[in-house]
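Please read the structure below before turning to the comments.
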Amino acid sequence: MTLISKTAGTLSLISCVKDIHETAVIYSNNAYAKASSDLYISRAVSNQKTDRLSPKDADRKNWLLKTQFFQGAAETLGRIGGYLKGVGTGILRYAPNAALIAGSMLFKNKKLANASCVGLAIIEIYDFIKNSTGIFRRNDYLK
């Protein structure tokens with residue numbers, strides 16, 4: 001094992017874990033917002049439906065809509081579910097990187113460790129070029 005391959009593997013591992021976490025946070029925030037808005041809309045719609053018209057029932061429904069019972073629990077569960085979904089998405093996205101990271105850090109043979117390091121570099125260069133220049137992206141949206 002060479003110092004370069006270990007360093008590249010470690011830096012890539014840190015980068016992957018950080019990106020997986022940030023992806024999971026985005027998914028978590030989206031799931032939180034969806035749970036919050038879905039619950040609010042469903043309560044607003046159900047509070048507009050009534051069997052009979054009375055000020056007492058209207059006051060009760062308006063109070064229930066304003067206090068939002070159990071909305072915190074639904075939002076928390078949505079946030080946790082979104083985070084786990086984001087972690088799963090990130091892990092699948094970085095599976096090839098993880099295999100090359102393991103190779104660069106664990107192979108005893110210098111040639112295999114260096115080949116894994118080169119593979120990591122190729123993946124990172126491809127990702128950088130793809131995301132910064134848009135070369136490999138579809139650009140015929142108006143056709």
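Following the order of the structure tokens, first chain is A, next is B, and so on, with residues numbered from 1 inside each chain and ligands from 1 in the order they appear.
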*asked:* For A:Ala102, find every residue with an atom within 12 Å (counting only C-alpha atoms), except residues of its own chain fewer than 3 positions away, and show them as a list of chain:residue names.
replied: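 What passes the distance filter is A:Met1, A:Ser5, A:Lys6, A:Ala8, A:Gly9, A:Thr10, A:Ser12, A:Leu13, A:Ala95, A:Pro96, A:Asn97, A:Ala98, A:Ala99, A:Met105, A:Leu106, A:Phe107, A:Lys108, A:Leu112, A:Ala113, A:Asn114, A:Ala115, A:Ser116, A:Cys117, A:Gly119, A:Leu120.
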*How many Å separate atom CA of A:Asp38 from atom CA of A:Gly72?*
12.7 Å
*Enumerate as a ChimeraX atom specification all residues of chain A assigned to helix (DSSP H, G or I) by DSSP on the backbone, naming them with the chain letters and numbers the document uses.*
/A:3-48,55-67,71-93,95-106,110-133
*Could you check which of A:Asn131, A:Ser104, A:Leu142, A:Val87 is closest to A:Cys16, using only C-alpha atoms?*
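Of all the options, A:Val87 lies closest to A:Cys16.
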_Nearest to A:Leu39, chosen from A:Ala74, A:Ile123, A:Arg93, A:Gly81, with only C-alpha atoms counted in the distances_ =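 Ranking A:Ala74, A:Ile123, A:Arg93, A:Gly81 by distance to A:Leu39, first place goes to A:Ala74.
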*Pick out the closest residue to A:Ala35 from this set: A:Ile122, A:Ile135, A:Leu100, A:Ile80. Count only C-alpha atoms.*
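Ranked by minimum distance to A:Ala35, first place goes to A:Ile80.
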Env of A:Ala31: 6 Å cut, atoms = only C-alpha atoms, seq-sep filter 5 positions within chain, self excluded. Answer as a PDB file with all heavy atoms, in the first residue's frame.
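Done, and the output landed in result07.pdb:
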ATOM      1  N   GLY A  78     -41.821  12.204   9.193  1.00  0.00           N
ATOM      2  CA  GLY A  78     -41.500  12.514   7.797  1.00  0.00           C
ATOM      3  C   GLY A  78     -40.041  12.889   7.632  1.00  0.00           C
ATOM      4  O   GLY A  78     -39.382  12.472   6.689  1.00  0.00           O
ATOM      5  N   ARG A  79     -39.527  13.676   8.595  1.00  0.00           N
ATOM      6  CA  ARG A  79     -38.113  14.093   8.530  1.00  0.00           C
ATOM      7  C   ARG A  79     -37.193  12.875   8.659  1.00  0.00           C
ATOM      8  O   ARG A  79     -36.215  12.744   7.925  1.00  0.00           O
ATOM      9  CB  ARG A  79     -37.825  15.108   9.620  1.00  0.00           C
ATOM     10  CG  ARG A  79     -36.477  15.750   9.496  1.00  0.00           C
ATOM     11  CD  ARG A  79     -36.261  16.805  10.546  1.00  0.00           C
ATOM     12  NE  ARG A  79     -37.032  18.001  10.337  1.00  0.00           N
ATOM     13  CZ  ARG A  79     -36.595  19.071   9.683  1.00  0.00           C
ATOM     14  NH1 ARG A  79     -35.384  19.075   9.164  1.00  0.00           N
ATOM     15  NH2 ARG A  79     -37.345  20.128   9.540  1.00  0.00           N
ATOM     16  N   GLY A  82     -37.444  10.765   5.497  1.00  0.00           N
ATOM     17  CA  GLY A  82     -36.747  11.435   4.403  1.00  0.00           C
ATOM     18  C   GLY A  82     -35.240  11.311   4.530  1.00  0.00           C
ATOM     19  O   GLY A  82     -34.533  11.118   3.540  1.00  0.00           O
TER      20      GLY A  82
END
*For atom CA of A:Ser15 and atom CA of A:Ile125, quote the distance in Å rounded to one decimal.*
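We find that atom CA of A:Ser15 and atom CA of A:Ile125 lie 13.8 Å from each other.
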